[in-house]
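Here the structure comes first, spelled out in structure tokens, and everything after it is commentary.
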Amino acid sequence: MADLAPATAPTASAEPETPATFLKALAATLKSLDGVDSDLAAILATHVLVAEPAMDAVAKAKAAIVALAQTRAVPAKQEPADG
Amino acid sequence: MADAPYFLLRLALTAFRAYLQPKEFIFALKRSLAVFNPNGYGKSSIADGVEFLFSPDGSLERLGQRAINNQAGPIALAHNEAEAAGLEPSVIAAFARGKVATPDAKRDAAAKSKRLMPQVAKAVKACFVVDPIIRGYSLRAFVESESAETRYAAVATWLQLGPLVEVQKNLRQLRTQVKEASENQGELQRIDRQVRRLTDAKVVAWDEATVVAYVNETAIAPLDATLKLTTLVTDDASYLDLAERVKAEEGKLGLDGLRLLRRTAGAIWNKTKDGDDEKLAGTLPAFESAATALIVAAELEAAERAKAKDAAFEKLWQAAAPLFKADVEMPDACPVCTTPLDKTSAGSAEAIGNHISQHLAELAAYAAASKELTTGERITADARRRLLTSLDSLADLLHENHAALTAQITKYRGAVNGWAAGAAPGSAELLAAIAALVGDVDMKIAAIEKKQGEHTYTKAKAKVDTLRELKTEHETALRTLIELTKLSAALNDQAATVSAAIRAKVQSLLDRLRNPINEIYALIQGQSAAIVRLELPPEDDTNQQRLNLLIDFASNREGVPPSGYLSDSQIHSLALSLRLAAILEFNTAAPIVVLDDIVTSYDADHRRTFAKMLAAKFAACQLIVVTHDERFFWYLKELLAPADWHFTRITGVVSGHGPRFADDMVSDDMIEARWTAGQSAANEMRQAEEEWLLARCRDFGVNVRIRPLERALLLRTSRAGLGLGRLPAQRRPDAAAATGDAEPVPLDAGKGRSRKLRQSLPGCAVWRRVDRR
């Protein structure tokens, strides 16, 4: 079969970066930043930084953030001293 | 050849849109295709076929997913005669990558089918960074009427960055909602309502000092005015003291315990006064009374039983009684043994009657006494059971300091339990002890009620504990709001990071587009065309989801919106340049472009420059151009490389078939074949004549259409005749060069210029059907 591509045709570039791969890389970058709230970054990565978010992605992310705030609001129990 | 770009190798439409019978477009020899036809002949169905092949939801954008709001839904994908023709609506495509052809990708188009996208189509679609199909009707709005926000979304969609726009939109909503949550006082208000309820509205909003003062005053002070809490924490010294007092209170009988003990003892024996009369109540007097009554009943029953010892004659007496009633005639002799009555021991009928009445009365008295005894036994058994239960209840409540009473209860209980008949067991000692207990308890109750009322340390601590839990909830709610405020700030920071990354990605794409856009725009509009810029808002702008489309119209009008400065065709060119530049720049892995009627706003010059631009910039691409503009079609034929392009036109739409292409001309062999088969070839002959005429007219650049026979027109009034007659002399047909039979034209061919035409086109038998349109 003849090659349909003309001699001047540009060679196809590597697989184009899809929004999904871009967002996945962005989520990983966000988590690795110094001083970033990693729990919050994980919530964003799970619910928001995805190519096909759920219909209620915002509600789920908000619920997760509120739950995180509630967890942090509970004072940590003091560990019994050894011995 | 894995890195070679994809090209369309073949496209076949069956019962799809305007195409009923299968129509196949082959691109193996010539990569690009240009199709001309008037509106309504099915050219857009070719673009529809490509759109449907790559549609994620198996429909067309203008059809939608269901028939609603002027959208026809997927049912309009199929030709309306598909079912009657027994054809399965489908689009089939094959692609080439280098010298390698993909398998056929078939996508069912029936509304009831799943219309799944074939794997091959998915692979090719993955190479489209930008939608490869441009339709003329969708272009202008982008430049003219869309806001910066919708334009941003549109460009992002072109570049298939829709998910990134969604991310930014979701982040914006999330930031708003988390900020609202960090300012929401609902939980604190709920706690305030609780504290109002628990303090009988003495404290209307949570304040620990006020709450502590309240609980000290209302719950602890009645017990001990010197005991005062300072805070609502478990290690507060006063709280620890309170807890100790609760423990101590649990070790002895409190007010409630004393009242229970008093009620239980009173259930056994209780003396009440009604005026001067004293009344005894309780299970013990009830049992003794029942036992006494039972003795009387037993004695009576014994006596009556003795009297009725001859009860064996009861039936005889009852049978004889009617014979010896006073008001009936007495018999003279015994009805059984015939002994004369005067010879019996009674001596007379009257004496016998009295004898019978007496014995029957004795039997009745015995029966009553027996019943009374049975009732007495049941009452006594019930009374004994209740007495035993109440004794057990009292014994359970007694503490160690009531050991004597407990011993007496045990002893008396044993006696009652073993009692069977006769006088009830002696209860004098027990009654005295219970009376003493009741008196003691009554005094203690009176003393406590006088001292602390209903207040107890247990109740006070419970109140303190409830308020302490409320304090914990209040503190947790406050800390949650603080944490939410921190998270809201962190979310803003992270959203800014995400937005900046997306901005950088979009900006890099826009930067890549800048030169191609201006090159394409300049090729269409000329080198004096204004410079075009797509600009994001400044980085410090909180709303990054906007895109400004600006032009440098003049030295004193730089960076201005285009709609106020550009003409219709310039705006159209600008929109087209944006889309084409994006395709050219980003779709290198599948450089396929479909253009559907995209020169409607252009004058002849711009149609030509647009065709030149395609030749200059898209020579390496595969284009499918469909147009109803014949001049543009001619420009394409003139300017594009014939080795790469296949040019065709749709000559009409045939019922039961679909669009008929100029390539599908009827041949002499086809007519001959029908004759050989004994079939009529009238339609084929008419078609052949029409095609011949149209071909001749088009050779001269004349636009003609064929009308149905029932709307026949004369040549001299037809556009074909007039159009040919207007041709310059040097371009008129050369009669000597014309071919065909030398038969005369069957109709009056007119005079003057039309006669010259008739002479130059001999052999045409269809002049009457030339349409003035």
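If you're wondering about the labels, chains in the structure tokens are A, B, ... by order shown, residues count from 1 in each chain, ligands from 1 in order shown.
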
TODO: Return as a PyMOL selection string the full set of residues in segment 387-493 of chain B whose backbone-based DSSP assignment is alpha helix (DSSP H).
DONE: chain B and resi 387-397+403-418+428-452+457-493

Open item on the list: Show me, as JSON, numbers by chain, every residue of chain B with an atom at most 7 Å from chain A, counting only C-alpha atoms.
Closed with: {"B": [3, 4, 5, 7, 28, 31, 98, 99, 161, 163, 164, 167, 170, 173, 174, 178, 476, 479, 480, 483, 484, 490, 588, 589, 620]}

Written file, previous selection with C-alpha atoms, as a compact mmCIF listing (two decimals), in the first residue's frame:
# COMPACT_ATOMS: atom_id res chain seq x y z
CA ASP B 3 5.20 7.41 14.63
CA ALA B 4 3.67 8.06 11.18
CA PRO B 5 0.51 10.15 11.20
CA PHE B 7 -4.74 9.35 7.42
CA ALA B 28 -5.92 5.55 -1.24
CA ARG B 31 -5.56 11.90 -0.07
CA GLY B 98 2.50 4.99 6.89
CA LYS B 99 2.06 1.96 4.66
CA LEU B 161 -8.59 21.08 27.68
CA PRO B 163 -11.28 18.90 31.90
CA LEU B 164 -8.88 21.66 32.94
CA VAL B 167 -10.98 21.67 37.33
CA ASN B 170 -14.68 23.10 40.55
CA GLN B 173 -16.74 26.49 43.74
CA LEU B 174 -14.80 24.50 46.33
CA VAL B 178 -15.00 25.87 52.14
CA THR B 476 -14.38 21.29 69.17
CA ARG B 479 -11.32 24.47 66.75
CA THR B 480 -13.04 23.01 63.67
CA GLU B 483 -8.96 24.41 61.17
CA LEU B 484 -11.40 25.13 58.36
CA ALA B 490 -4.28 26.40 52.22
CA THR B 588 0.26 16.32 13.79
CA ALA B 589 -0.44 12.71 14.74
CA ALA B 620 0.73 17.93 4.12

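A straight line drawn from atom CA of Leu387 of chain B to atom CA of Asp277 of chain B is 24.4 Å long.
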
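Distance annotation: of B:Val91, B:Ile295, B:Leu363, B:Val441, the residue with the minimal separation from Ala78 of chain B is B:Val91; atom set is only C-alpha atoms.
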
- [ ] Quick one: everything within 12 Å of Asn184 of chain B, counting only C-alpha atoms, minus sequence neighbours fewer than 3 positions away in the same chain. Send it as a PyMOL selection string.
- [x] (chain A and resi 66) or (chain B and resi 177-181+187-190+477-478+480-482+484-485)

Please write the residues from the selection above to a file, keeping N, CA and C atoms, as a CSV table (one decimal), in the first residue's frame.
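This went into part39.csv:
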chain,number,residue,atom,x,y,z
A,66,VAL,N,-14.1,19.2,55.3
A,66,VAL,CA,-14.7,19.4,56.6
A,66,VAL,C,-14.4,18.3,57.6
B,177,GLN,N,-17.2,27.3,48.8
B,177,GLN,CA,-17.9,26.5,49.8
B,177,GLN,C,-17.1,26.3,51.1
B,178,VAL,N,-15.8,26.1,50.9
B,178,VAL,CA,-15.0,25.9,52.1
B,178,VAL,C,-14.9,27.2,52.9
B,179,LYS,N,-14.8,28.3,52.3
B,179,LYS,CA,-14.8,29.6,53.0
B,179,LYS,C,-16.1,29.8,53.7
B,180,GLU,N,-17.2,29.4,53.1
B,180,GLU,CA,-18.5,29.6,53.7
B,180,GLU,C,-18.6,28.6,54.9
B,181,ALA,N,-18.0,27.4,54.8
B,181,ALA,CA,-18.0,26.5,55.9
B,181,ALA,C,-17.2,27.0,57.1
B,187,GLU,N,-23.1,25.2,64.1
B,187,GLU,CA,-22.8,24.3,65.2
B,187,GLU,C,-22.7,25.1,66.6
B,188,LEU,N,-22.2,26.3,66.5
B,188,LEU,CA,-22.1,27.0,67.8
B,188,LEU,C,-23.5,27.5,68.2
B,189,GLN,N,-24.3,27.8,67.2
B,189,GLN,CA,-25.7,28.2,67.5
B,189,GLN,C,-26.5,27.0,68.1
B,190,ARG,N,-26.2,25.8,67.6
B,190,ARG,CA,-26.9,24.6,68.2
B,190,ARG,C,-26.5,24.5,69.6
B,477,ALA,N,-16.1,22.6,68.2
B,477,ALA,CA,-16.7,23.4,67.1
B,477,ALA,C,-15.8,24.6,66.8
B,478,LEU,N,-15.3,25.3,67.8
B,478,LEU,CA,-14.4,26.4,67.6
B,478,LEU,C,-13.1,26.0,66.9
B,480,THR,N,-12.7,23.4,65.1
B,480,THR,CA,-13.0,23.0,63.7
B,480,THR,C,-13.1,24.2,62.8
B,481,LEU,N,-13.7,25.3,63.3
B,481,LEU,CA,-13.8,26.5,62.4
B,481,LEU,C,-12.4,27.1,62.2
B,482,ILE,N,-11.6,27.0,63.2
B,482,ILE,CA,-10.2,27.5,63.1
B,482,ILE,C,-9.4,26.6,62.0
B,484,LEU,N,-10.8,24.9,59.7
B,484,LEU,CA,-11.4,25.1,58.4
B,484,LEU,C,-10.9,26.4,57.8
B,485,THR,N,-10.7,27.4,58.6
B,485,THR,CA,-10.1,28.7,58.2
B,485,THR,C,-8.7,28.4,57.6

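Once Trp269 of chain B and its same-chain neighbours fewer than 2 positions away are set aside, Ala265, Gly266, Ala267, Lys271, Leu280, Ala281, Gly282, Thr283, Leu284, Pro285, Leu431, Ile434 and Ala435 of chain B remain within 8 Å of it when counting only C-alpha atoms.
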
Take the residues that were just selected and, keeping N, CA and C atoms, output them as a PDB file, in the first residue's frame.
ATOM      1  N   ALA B 265     -41.517  -1.115 102.193  1.00  0.00           N
ATOM      2  CA  ALA B 265     -41.948  -1.532 103.543  1.00  0.00           C
ATOM      3  C   ALA B 265     -43.435  -1.302 103.725  1.00  0.00           C
ATOM      4  N   GLY B 266     -43.907  -0.155 103.182  1.00  0.00           N
ATOM      5  CA  GLY B 266     -45.339   0.162 103.275  1.00  0.00           C
ATOM      6  C   GLY B 266     -46.175  -0.822 102.496  1.00  0.00           C
ATOM      7  N   ALA B 267     -45.620  -1.421 101.500  1.00  0.00           N
ATOM      8  CA  ALA B 267     -46.378  -2.414 100.744  1.00  0.00           C
ATOM      9  C   ALA B 267     -46.622  -3.660 101.586  1.00  0.00           C
ATOM     10  N   LYS B 271     -49.829   1.556 108.228  1.00  0.00           N
ATOM     11  CA  LYS B 271     -50.952   1.974 109.069  1.00  0.00           C
ATOM     12  C   LYS B 271     -51.314   3.398 108.689  1.00  0.00           C
ATOM     13  N   LEU B 280     -55.241  -0.659 108.597  1.00  0.00           N
ATOM     14  CA  LEU B 280     -54.031  -1.390 108.246  1.00  0.00           C
ATOM     15  C   LEU B 280     -54.128  -1.815 106.782  1.00  0.00           C
ATOM     16  N   ALA B 281     -53.012  -1.701 106.115  1.00  0.00           N
ATOM     17  CA  ALA B 281     -52.963  -2.132 104.720  1.00  0.00           C
ATOM     18  C   ALA B 281     -51.627  -2.824 104.506  1.00  0.00           C
ATOM     19  N   GLY B 282     -51.518  -3.483 103.368  1.00  0.00           N
ATOM     20  CA  GLY B 282     -50.274  -4.168 103.044  1.00  0.00           C
ATOM     21  C   GLY B 282     -50.493  -5.645 102.840  1.00  0.00           C
ATOM     22  N   THR B 283     -49.478  -6.291 102.318  1.00  0.00           N
ATOM     23  CA  THR B 283     -49.610  -7.707 101.980  1.00  0.00           C
ATOM     24  C   THR B 283     -49.680  -8.590 103.214  1.00  0.00           C
ATOM     25  N   LEU B 284     -49.026  -8.142 104.300  1.00  0.00           N
ATOM     26  CA  LEU B 284     -49.044  -8.985 105.499  1.00  0.00           C
ATOM     27  C   LEU B 284     -50.425  -9.003 106.153  1.00  0.00           C
ATOM     28  N   PRO B 285     -51.051  -7.861 106.468  1.00  0.00           N
ATOM     29  CA  PRO B 285     -52.421  -7.906 106.993  1.00  0.00           C
ATOM     30  C   PRO B 285     -53.370  -8.617 106.035  1.00  0.00           C
ATOM     31  N   LEU B 431     -43.711  -7.221 112.445  1.00  0.00           N
ATOM     32  CA  LEU B 431     -44.453  -5.975 112.282  1.00  0.00           C
ATOM     33  C   LEU B 431     -43.815  -4.860 113.091  1.00  0.00           C
ATOM     34  N   ILE B 434     -40.754  -3.762 111.205  1.00  0.00           N
ATOM     35  CA  ILE B 434     -41.088  -2.972 110.008  1.00  0.00           C
ATOM     36  C   ILE B 434     -41.581  -1.596 110.415  1.00  0.00           C
ATOM     37  N   ALA B 435     -42.366  -1.545 111.473  1.00  0.00           N
ATOM     38  CA  ALA B 435     -42.869  -0.261 111.952  1.00  0.00           C
ATOM     39  C   ALA B 435     -41.702   0.639 112.351  1.00  0.00           C
TER      40      ALA B 435
END

Task: Residue nearest Tyr152 of chain B - candidates B:Ala695, B:Leu510, B:Ile379, B:Ile220, atoms counted: only C-alpha atoms - done: B:Leu510

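Neighbours of segment 656-672 of chain B closer than or equal to 7 Å, with only C-alpha atoms counted and sequence neighbours fewer than 3 positions away skipped, come out as B:Ala18, B:Tyr19, B:Leu20, B:Gln21, B:Tyr41, B:Gly42, B:Thr648, B:Arg649, B:Ile650, B:Thr651, B:Gly652, B:Val653, B:Trp675, B:Thr676, B:Ala681, B:Glu684, B:Met685, B:Gln687, B:Ala688, B:Glu691.
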
Task: Pairwise distance for atom CA of Tyr635 of chain B and atom CA of Lys612 of chain B, rounded to one decimal in Å - done: 8.4 Å

- [ ] For Val599 of chain B, please output as number ranges by chain all residues within 9 Å (counting only C-alpha atoms; exclusion window: fewer than 5 positions along the same chain).
- [x] B: 136, 569, 572-573, 606-607, 610, 627, 629, 632
